[in-house]
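Okay, final_12.txt now, which holds compact mmCIF, C-alpha atoms:
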```txt
# COMPACT_ATOMS: atom_id res chain seq x y z
CA MET T 51 -67.79 57.05 -61.84
CA SER T 52 -67.13 54.78 -64.83
CA ALA T 53 -68.17 51.11 -64.80
CA GLU T 54 -64.48 50.16 -64.82
CA SER T 55 -63.46 52.27 -61.81
CA ASP T 56 -66.66 51.16 -60.07
CA ALA T 57 -65.61 47.51 -60.50
CA ALA T 58 -62.08 48.46 -59.33
CA SER T 59 -63.31 50.09 -56.13
CA ARG T 60 -65.62 47.11 -55.51
CA LEU T 61 -62.58 44.80 -55.76
CA ASP T 62 -60.63 47.19 -53.47
CA ARG T 63 -63.35 46.99 -50.81
CA ALA T 64 -63.85 43.22 -51.14
CA PHE T 65 -60.14 42.30 -50.86
CA LEU T 66 -59.68 44.80 -48.02
CA ALA T 67 -62.68 43.25 -46.21
CA LEU T 68 -61.01 39.81 -46.36
CA ALA T 69 -57.67 41.16 -45.04
CA ASP T 70 -58.77 40.68 -41.42
CA PRO T 71 -58.97 37.43 -39.38
CA VAL T 72 -62.22 38.38 -37.56
CA ARG T 73 -63.97 39.27 -40.83
CA ARG T 74 -62.73 36.03 -42.43
CA ALA T 75 -64.10 34.10 -39.40
CA ILE T 76 -67.47 35.86 -39.90
CA VAL T 77 -67.45 34.80 -43.58
CA ALA T 78 -66.63 31.22 -42.51
CA ARG T 79 -69.49 31.24 -39.97
CA LEU T 80 -72.01 32.71 -42.45
CA SER T 81 -71.10 30.07 -45.05
CA ARG T 82 -72.86 27.57 -42.73
CA GLY T 83 -76.04 29.69 -42.61
CA SER T 84 -77.31 33.19 -41.76
CA ALA T 85 -76.65 34.58 -38.26
CA THR T 86 -77.49 37.62 -36.12
CA VAL T 87 -74.92 40.05 -34.69
CA ASN T 88 -75.27 38.33 -31.29
CA GLU T 89 -74.62 34.90 -32.81
CA LEU T 90 -71.68 36.23 -34.81
CA ALA T 91 -70.17 38.00 -31.78
CA GLU T 92 -70.33 34.90 -29.53
CA PRO T 93 -66.98 33.22 -30.37
CA PHE T 94 -64.98 36.47 -30.22
CA ALA T 95 -63.33 38.11 -27.23
CA ILE T 96 -64.18 41.53 -28.69
CA SER T 97 -67.20 43.80 -28.09
CA LYS T 98 -70.48 43.38 -29.98
CA GLN T 99 -69.90 46.91 -31.24
CA ALA T 100 -66.57 45.89 -32.80
CA VAL T 101 -68.22 42.87 -34.44
CA SER T 102 -70.98 45.17 -35.79
CA LYS T 103 -68.29 47.33 -37.40
CA HIS T 104 -66.71 44.28 -39.06
CA ILE T 105 -70.16 43.25 -40.35
CA GLN T 106 -70.60 46.76 -41.79
CA VAL T 107 -67.26 46.52 -43.63
CA LEU T 108 -68.31 43.17 -45.14
CA GLU T 109 -71.73 44.63 -46.11
CA GLN T 110 -70.19 47.72 -47.76
CA ALA T 111 -67.87 45.38 -49.67
CA GLY T 112 -70.93 43.57 -51.01
CA LEU T 113 -69.80 40.24 -49.54
CA ILE T 114 -72.70 39.87 -47.12
CA GLY T 115 -76.30 41.11 -47.00
CA ARG T 116 -78.77 41.60 -44.19
CA THR T 117 -82.42 40.56 -44.08
CA ARG T 118 -84.52 43.74 -43.77
CA ASP T 119 -87.93 42.32 -42.95
CA ALA T 120 -87.26 40.62 -39.62
CA GLN T 121 -86.64 41.90 -36.10
CA ARG T 122 -83.54 39.68 -35.84
CA ARG T 123 -82.05 41.02 -39.11
CA PRO T 124 -79.64 38.13 -39.63
CA SER T 125 -76.69 38.51 -42.03
CA TYR T 126 -76.10 36.13 -44.93
CA LEU T 127 -73.18 35.51 -47.27
CA ILE T 128 -73.42 36.43 -50.99
CA PRO T 129 -71.57 33.61 -52.83
CA GLU T 130 -71.64 35.50 -56.18
CA ALA T 131 -69.45 38.23 -54.63
CA LEU T 132 -66.91 35.61 -53.51
CA GLU T 133 -67.02 34.09 -56.99
CA GLU T 134 -66.15 37.46 -58.53
CA LEU T 135 -62.96 37.51 -56.42
CA THR T 136 -61.86 33.98 -57.34
CA ALA T 137 -62.64 34.77 -61.02
CA TRP T 138 -60.33 37.81 -60.85
CA ILE T 139 -57.49 35.88 -59.16
CA ASP T 140 -57.88 32.80 -61.39
CA THR T 141 -57.62 34.86 -64.60
CA TYR T 142 -54.04 35.81 -63.71
CA ARG T 143 -53.11 32.57 -61.96
CA LEU T 144 -54.07 30.54 -65.04
CA THR T 145 -52.31 32.95 -67.42
CA THR T 146 -49.14 32.58 -65.31
CA GLU T 147 -49.38 28.82 -65.24
CA SER T 148 -49.82 28.64 -69.02
CA SER T 149 -46.78 30.96 -69.47
CA PHE T 150 -44.80 28.58 -67.24
CA ARG T 151 -45.91 25.63 -69.36
CA ARG T 152 -44.81 27.46 -72.53
CA LEU T 153 -41.44 28.22 -70.89
CA ASP T 154 -41.11 24.54 -69.88
CA ALA T 155 -41.75 23.56 -73.50
CA VAL T 156 -39.10 26.03 -74.72
CA LEU T 157 -36.56 24.75 -72.15
CA ALA T 158 -37.37 21.14 -73.08
CA GLY T 159 -36.77 22.10 -76.71
CA MET T 160 -33.40 23.70 -75.81
CA ALA T 161 -32.38 20.56 -73.89
CA THR T 162 -33.14 18.47 -76.98
CA ASP T 163 -31.07 20.89 -79.11
CA VAL T 164 -28.11 20.41 -76.78
CA THR T 165 -28.25 16.60 -76.75
CA THR T 166 -29.03 16.20 -80.48
CA PRO T 167 -25.91 16.79 -82.58
CA THR T 168 -26.47 19.75 -84.94
CA PRO T 169 -25.26 19.65 -88.61
CA GLN T 170 -22.52 22.19 -87.70
CA ARG T 171 -21.19 19.95 -84.94
CA GLU T 172 -21.24 17.02 -87.37
CA GLU T 173 -18.94 19.06 -89.68
CA GLU T 174 -16.58 19.82 -86.80
CA LYS T 175 -15.85 16.11 -86.31
CA MET L 140 -46.00 32.58 -33.70
CA SER L 141 -48.22 29.51 -34.19
CA ALA L 142 -48.67 27.94 -37.63
CA GLU L 143 -52.33 29.02 -37.56
CA SER L 144 -51.69 32.70 -36.78
CA ASP L 145 -48.81 32.63 -39.30
CA ALA L 146 -51.22 31.45 -42.02
CA ALA L 147 -53.74 34.10 -40.88
CA SER L 148 -51.24 36.95 -41.15
CA ARG L 149 -50.13 35.63 -44.55
CA LEU L 150 -53.78 35.80 -45.74
CA ASP L 151 -54.08 39.30 -44.19
CA ARG L 152 -51.06 40.51 -46.16
CA ALA L 153 -52.11 38.80 -49.41
CA PHE L 154 -55.69 40.12 -49.43
CA LEU L 155 -54.48 43.59 -48.39
CA ALA L 156 -51.94 43.52 -51.24
CA LEU L 157 -54.74 42.88 -53.77
CA ALA L 158 -56.91 45.71 -52.36
CA ASP L 159 -55.25 48.28 -54.62
CA PRO L 160 -55.79 48.90 -58.36
CA VAL L 161 -52.09 49.57 -59.13
CA ARG L 162 -50.99 46.38 -57.36
CA ARG L 163 -53.69 44.37 -59.19
CA ALA L 164 -52.45 45.87 -62.49
CA ILE L 165 -48.89 44.76 -61.57
CA VAL L 166 -50.19 41.22 -60.88
CA ALA L 167 -52.01 41.28 -64.25
CA ARG L 168 -48.82 42.42 -66.04
CA LEU L 169 -46.61 39.81 -64.31
CA SER L 170 -49.04 37.03 -65.25
CA ARG L 171 -47.84 37.56 -68.84
CA GLY L 172 -44.16 37.20 -67.84
CA SER L 173 -41.53 38.61 -65.49
CA ALA L 174 -40.74 42.35 -65.65
CA THR L 175 -38.34 44.89 -64.14
CA VAL L 176 -39.40 47.88 -62.03
CA ASN L 177 -38.92 50.14 -65.09
CA GLU L 178 -41.12 47.93 -67.24
CA LEU L 179 -43.77 47.72 -64.50
CA ALA L 180 -43.73 51.50 -63.91
CA GLU L 181 -44.19 52.36 -67.63
CA PRO L 182 -48.02 52.33 -67.89
CA PHE L 183 -48.57 54.28 -64.66
CA ALA L 184 -48.70 58.04 -64.11
CA ILE L 185 -47.00 57.58 -60.72
CA SER L 186 -43.32 57.73 -59.75
CA LYS L 187 -41.01 54.73 -60.11
CA GLN L 188 -40.49 55.01 -56.34
CA ALA L 189 -44.26 54.56 -55.74
CA VAL L 190 -44.28 51.53 -58.06
CA SER L 191 -41.27 50.10 -56.15
CA LYS L 192 -43.27 50.41 -52.92
CA HIS L 193 -46.22 48.55 -54.46
CA ILE L 194 -43.82 45.80 -55.63
CA GLN L 195 -42.46 45.55 -52.07
CA VAL L 196 -45.99 45.12 -50.66
CA LEU L 197 -46.67 42.31 -53.16
CA GLU L 198 -43.30 40.70 -52.31
CA GLN L 199 -43.92 40.85 -48.55
CA ALA L 200 -47.34 39.29 -49.16
CA GLY L 201 -45.59 36.39 -50.91
CA LEU L 202 -47.50 36.97 -54.16
CA ILE L 203 -44.44 37.87 -56.22
CA GLY L 204 -40.74 37.05 -56.09
CA ARG L 205 -37.65 38.71 -57.49
CA THR L 206 -34.75 37.12 -59.34
CA ARG L 207 -31.59 37.66 -57.25
CA ASP L 208 -28.86 36.65 -59.68
CA ALA L 209 -29.29 39.26 -62.43
CA GLN L 210 -28.57 42.99 -62.69
CA ARG L 211 -32.12 43.58 -63.97
CA ARG L 212 -33.72 41.75 -61.00
CA PRO L 213 -37.10 41.21 -62.70
CA SER L 214 -40.16 40.36 -60.60
CA TYR L 215 -42.28 37.28 -61.25
CA LEU L 216 -45.69 36.12 -60.07
CA ILE L 217 -46.04 33.12 -57.71
CA PRO L 218 -49.19 31.27 -58.90
CA GLU L 219 -49.22 28.97 -55.83
CA ALA L 220 -49.80 32.02 -53.59
CA LEU L 221 -52.77 33.09 -55.73
CA GLU L 222 -54.09 29.53 -55.56
CA GLU L 223 -53.98 29.64 -51.75
CA LEU L 224 -56.30 32.67 -51.83
CA THR L 225 -58.83 31.11 -54.23
CA ALA L 226 -58.74 27.91 -52.13
CA TRP L 227 -59.63 29.91 -49.01
CA ILE L 228 -62.49 31.79 -50.74
CA ASP L 229 -63.82 28.70 -52.53
CA THR L 230 -64.07 26.70 -49.28
CA TYR L 231 -66.69 29.13 -47.97
CA ARG L 232 -68.32 29.90 -51.32
CA LEU L 233 -68.95 26.20 -51.97
CA THR L 234 -70.22 25.60 -48.40
CA THR L 235 -72.66 28.52 -48.87
CA GLU L 236 -73.84 27.23 -52.24
CA SER L 237 -74.44 23.74 -50.85
CA SER L 238 -76.41 25.26 -47.90
CA PHE L 239 -78.53 27.16 -50.47
CA ARG L 240 -79.15 23.92 -52.39
CA ARG L 241 -80.25 22.19 -49.16
CA LEU L 242 -82.56 25.14 -48.42
CA ASP L 243 -83.97 24.95 -51.97
CA ALA L 244 -84.66 21.25 -51.44
CA VAL L 245 -86.44 22.00 -48.14
CA LEU L 246 -88.52 24.78 -49.78
CA ALA L 247 -89.36 22.49 -52.72
CA GLY L 248 -90.48 19.89 -50.18
CA MET L 249 -92.66 22.49 -48.41
CA ALA L 250 -94.20 23.55 -51.75
CA THR L 251 -95.09 19.90 -52.43
CA ASP L 252 -96.68 19.69 -48.96
CA VAL L 253 -98.85 22.73 -49.74
CA THR L 254 -100.03 21.53 -53.18
CA THR L 255 -100.51 17.88 -52.25
CA PRO L 256 -103.75 17.43 -50.29
CA THR L 257 -102.92 16.12 -46.82
CA PRO L 258 -105.05 13.42 -45.15
CA GLN L 259 -106.52 16.10 -42.86
CA ARG L 260 -107.58 18.23 -45.83
CA GLU L 261 -109.15 15.15 -47.43
CA GLU L 262 -111.23 14.72 -44.27
CA GLU L 263 -112.31 18.39 -44.43
CA LYS L 264 -113.99 17.87 -47.84
```

Just dump the structure as structure tokens.
Amino acid sequence: MSAESDAASRLDRAFLALADPVRRAIVARLSRGSATVNELAEPFAISKQAVSKHIQVLEQAGLIGRTRDAQRRPSYLIPEALEELTAWIDTYRLTTESSFRRLDAVLAGMATDVTTPTPQREEEK
Amino acid sequence: MSAESDAASRLDRAFLALADPVRRAIVARLSRGSATVNELAEPFAISKQAVSKHIQVLEQAGLIGRTRDAQRRPSYLIPEALEELTAWIDTYRLTTESSFRRLDAVLAGMATDVTTPTPQREEEK
């Protein structure tokens, strides 16, 4: 697998992982500190097994990690992985916004052309 | 549907829309200016019909719009929708990073405790 398609499939997995309200709630909870499966499952009306599956999806997407050396094995959020997603989105958001600004400038220029009499119009008088 | 669950399903659709390399390539292309289905389909080795479906997914996610008043009906990117996604991610990324900084400060404090002789240790001499 090339580095490019590897990055693409990482983005696929990460965006897909965030496309679920339970997984986003887990991310929100982990942003306040690491937590075990039991702690993460507490606020949800779904089985611990279902929460474990959501945690796995987030892990495979590289958004969260799990401490290996403890009995509790709490999960923690990986902020660099979140930053990679905002960096991707912002690249295109900022390009769009700068295109819009250029378009605004062009339209402003056209408006000036309309209100300022041109030499040809002067001749028509 | 409540405002909260409405926002949740909008985030679901938006993140899901970005979890595909062709749809991300369409977003990248539209960030440089609006484009028709034909123009968007050009670089891909997939049918125009498949590209149309991807455009529909992006439209239903609110990430792109389509001009209604022209025969060409070009699609355009909606930067505010992208901003909503980065705002969501950044909320939790920044909370995590500030938790890490607090933890660093605590660990630095502990390191100072270890290296600085405590009154008890002074007594042990």

All residues 7 Å or closer to Arg205 of chain L, all atoms listed in the file, same chain fewer than 5 positions away omitted, as a PyMOL selection string: chain L and resi 212-215

Chain T residues near chain L (8 Å cut-off, all atoms listed in the file) as a PyMOL selection string: chain T and resi 58-59+61-66+68-71+77-78+80-83+127+129+132-133+135-136+139-140+142-147+149

Length of the atom CA of Ile203 of chain L to atom CA of Gly112 of chain T vector [Å]: 27.6 Å

Contacts of Asn88 of chain T at 8 Å (all atoms listed in the file; same-chain gap of 3+ positions) as a ChimeraX atom specification: /T:91-92,98

Distance of atom CA of Glu109 of chain T from atom CA of Val87 of chain T, expressed in Å to one decimal place: 12.7 Å

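Between atom CA of Glu89 of chain T and atom CA of His104 of chain T lies a distance of 13.8 Å.
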
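With distances restricted to only C-alpha atoms, T:Thr86 is the closest residue to Arg122 of chain T from T:Ala75, T:Ser52, T:Met160, T:Thr86.
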
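Of the residues listed (L:Ala174, L:Val161, L:Ala250, L:Ala244), L:Val161 shows the shortest atom-to-atom separation from Lys192 of chain L; distances use all atoms listed in the file.
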
Once you add 8 Å to each side, what are the centre and edge lengths of the axis-aligned box holding all listed atoms of segment 143-148 of chain T? One decimal in Å, as AutoDock Vina command-line options, if you can.
```
--center_x -51.6 --center_y 30.8 --center_z -65.5 --size_x 20.9 --size_y 20.3 --size_z 23.1
```

Missing atoms of segment 202-218 of chain L rebuilt to N, CA, C and O atoms, written as a PDB file, keeping the file's coordinate frame:
```
ATOM      1  N   LEU L 202     -46.829  37.179 -52.870  1.00  0.00           N
ATOM      2  CA  LEU L 202     -47.500  36.970 -54.160  1.00  0.00           C
ATOM      3  C   LEU L 202     -46.537  37.044 -55.330  1.00  0.00           C
ATOM      4  O   LEU L 202     -46.783  36.458 -56.381  1.00  0.00           O
ATOM      5  N   ILE L 203     -45.435  37.794 -55.155  1.00  0.00           N
ATOM      6  CA  ILE L 203     -44.440  37.870 -56.220  1.00  0.00           C
ATOM      7  C   ILE L 203     -43.046  37.655 -55.632  1.00  0.00           C
ATOM      8  O   ILE L 203     -42.820  37.831 -54.435  1.00  0.00           O
ATOM      9  N   GLY L 204     -42.129  37.237 -56.500  1.00  0.00           N
ATOM     10  CA  GLY L 204     -40.740  37.050 -56.090  1.00  0.00           C
ATOM     11  C   GLY L 204     -39.863  37.910 -56.979  1.00  0.00           C
ATOM     12  O   GLY L 204     -40.343  38.550 -57.913  1.00  0.00           O
ATOM     13  N   ARG L 205     -38.563  37.943 -56.662  1.00  0.00           N
ATOM     14  CA  ARG L 205     -37.650  38.710 -57.490  1.00  0.00           C
ATOM     15  C   ARG L 205     -36.387  37.908 -57.726  1.00  0.00           C
ATOM     16  O   ARG L 205     -35.844  37.340 -56.778  1.00  0.00           O
ATOM     17  N   THR L 206     -35.959  37.848 -58.979  1.00  0.00           N
ATOM     18  CA  THR L 206     -34.750  37.120 -59.340  1.00  0.00           C
ATOM     19  C   THR L 206     -33.551  37.819 -58.708  1.00  0.00           C
ATOM     20  O   THR L 206     -33.414  39.034 -58.816  1.00  0.00           O
ATOM     21  N   ARG L 207     -32.711  37.049 -58.004  1.00  0.00           N
ATOM     22  CA  ARG L 207     -31.590  37.660 -57.250  1.00  0.00           C
ATOM     23  C   ARG L 207     -30.302  37.719 -58.076  1.00  0.00           C
ATOM     24  O   ARG L 207     -29.448  38.527 -57.789  1.00  0.00           O
ATOM     25  N   ASP L 208     -30.185  36.835 -59.073  1.00  0.00           N
ATOM     26  CA  ASP L 208     -28.860  36.650 -59.680  1.00  0.00           C
ATOM     27  C   ASP L 208     -28.608  37.495 -60.936  1.00  0.00           C
ATOM     28  O   ASP L 208     -27.637  37.286 -61.627  1.00  0.00           O
ATOM     29  N   ALA L 209     -29.490  38.453 -61.226  1.00  0.00           N
ATOM     30  CA  ALA L 209     -29.290  39.260 -62.430  1.00  0.00           C
ATOM     31  C   ALA L 209     -29.270  40.736 -62.070  1.00  0.00           C
ATOM     32  O   ALA L 209     -29.830  41.154 -61.061  1.00  0.00           O
ATOM     33  N   GLN L 210     -28.606  41.544 -62.890  1.00  0.00           N
ATOM     34  CA  GLN L 210     -28.570  42.990 -62.690  1.00  0.00           C
ATOM     35  C   GLN L 210     -29.978  43.567 -62.806  1.00  0.00           C
ATOM     36  O   GLN L 210     -30.349  44.474 -62.068  1.00  0.00           O
ATOM     37  N   ARG L 211     -30.787  43.022 -63.706  1.00  0.00           N
ATOM     38  CA  ARG L 211     -32.120  43.580 -63.970  1.00  0.00           C
ATOM     39  C   ARG L 211     -33.080  43.279 -62.825  1.00  0.00           C
ATOM     40  O   ARG L 211     -33.998  44.025 -62.596  1.00  0.00           O
ATOM     41  N   ARG L 212     -32.861  42.185 -62.115  1.00  0.00           N
ATOM     42  CA  ARG L 212     -33.720  41.750 -61.000  1.00  0.00           C
ATOM     43  C   ARG L 212     -35.217  41.847 -61.327  1.00  0.00           C
ATOM     44  O   ARG L 212     -35.959  42.540 -60.629  1.00  0.00           O
ATOM     45  N   PRO L 213     -35.670  41.138 -62.375  1.00  0.00           N
ATOM     46  CA  PRO L 213     -37.100  41.210 -62.700  1.00  0.00           C
ATOM     47  C   PRO L 213     -37.968  40.502 -61.646  1.00  0.00           C
ATOM     48  O   PRO L 213     -37.510  39.579 -60.974  1.00  0.00           O
ATOM     49  N   SER L 214     -39.194  40.985 -61.500  1.00  0.00           N
ATOM     50  CA  SER L 214     -40.160  40.360 -60.600  1.00  0.00           C
ATOM     51  C   SER L 214     -40.966  39.322 -61.359  1.00  0.00           C
ATOM     52  O   SER L 214     -41.147  39.431 -62.574  1.00  0.00           O
ATOM     53  N   TYR L 215     -41.427  38.310 -60.631  1.00  0.00           N
ATOM     54  CA  TYR L 215     -42.280  37.280 -61.250  1.00  0.00           C
ATOM     55  C   TYR L 215     -43.408  36.927 -60.284  1.00  0.00           C
ATOM     56  O   TYR L 215     -43.271  37.076 -59.060  1.00  0.00           O
ATOM     57  N   LEU L 216     -44.513  36.463 -60.864  1.00  0.00           N
ATOM     58  CA  LEU L 216     -45.690  36.120 -60.070  1.00  0.00           C
ATOM     59  C   LEU L 216     -45.559  34.697 -59.525  1.00  0.00           C
ATOM     60  O   LEU L 216     -44.969  33.838 -60.166  1.00  0.00           O
ATOM     61  N   ILE L 217     -46.072  34.451 -58.314  1.00  0.00           N
ATOM     62  CA  ILE L 217     -46.040  33.120 -57.710  1.00  0.00           C
ATOM     63  C   ILE L 217     -47.462  32.545 -57.732  1.00  0.00           C
ATOM     64  O   ILE L 217     -48.276  32.858 -56.851  1.00  0.00           O
ATOM     65  N   PRO L 218     -47.788  31.724 -58.754  1.00  0.00           N
ATOM     66  CA  PRO L 218     -49.190  31.270 -58.900  1.00  0.00           C
ATOM     67  C   PRO L 218     -49.700  30.467 -57.711  1.00  0.00           C
ATOM     68  O   PRO L 218     -50.887  30.516 -57.399  1.00  0.00           O
TER      69      PRO L 218
END
```
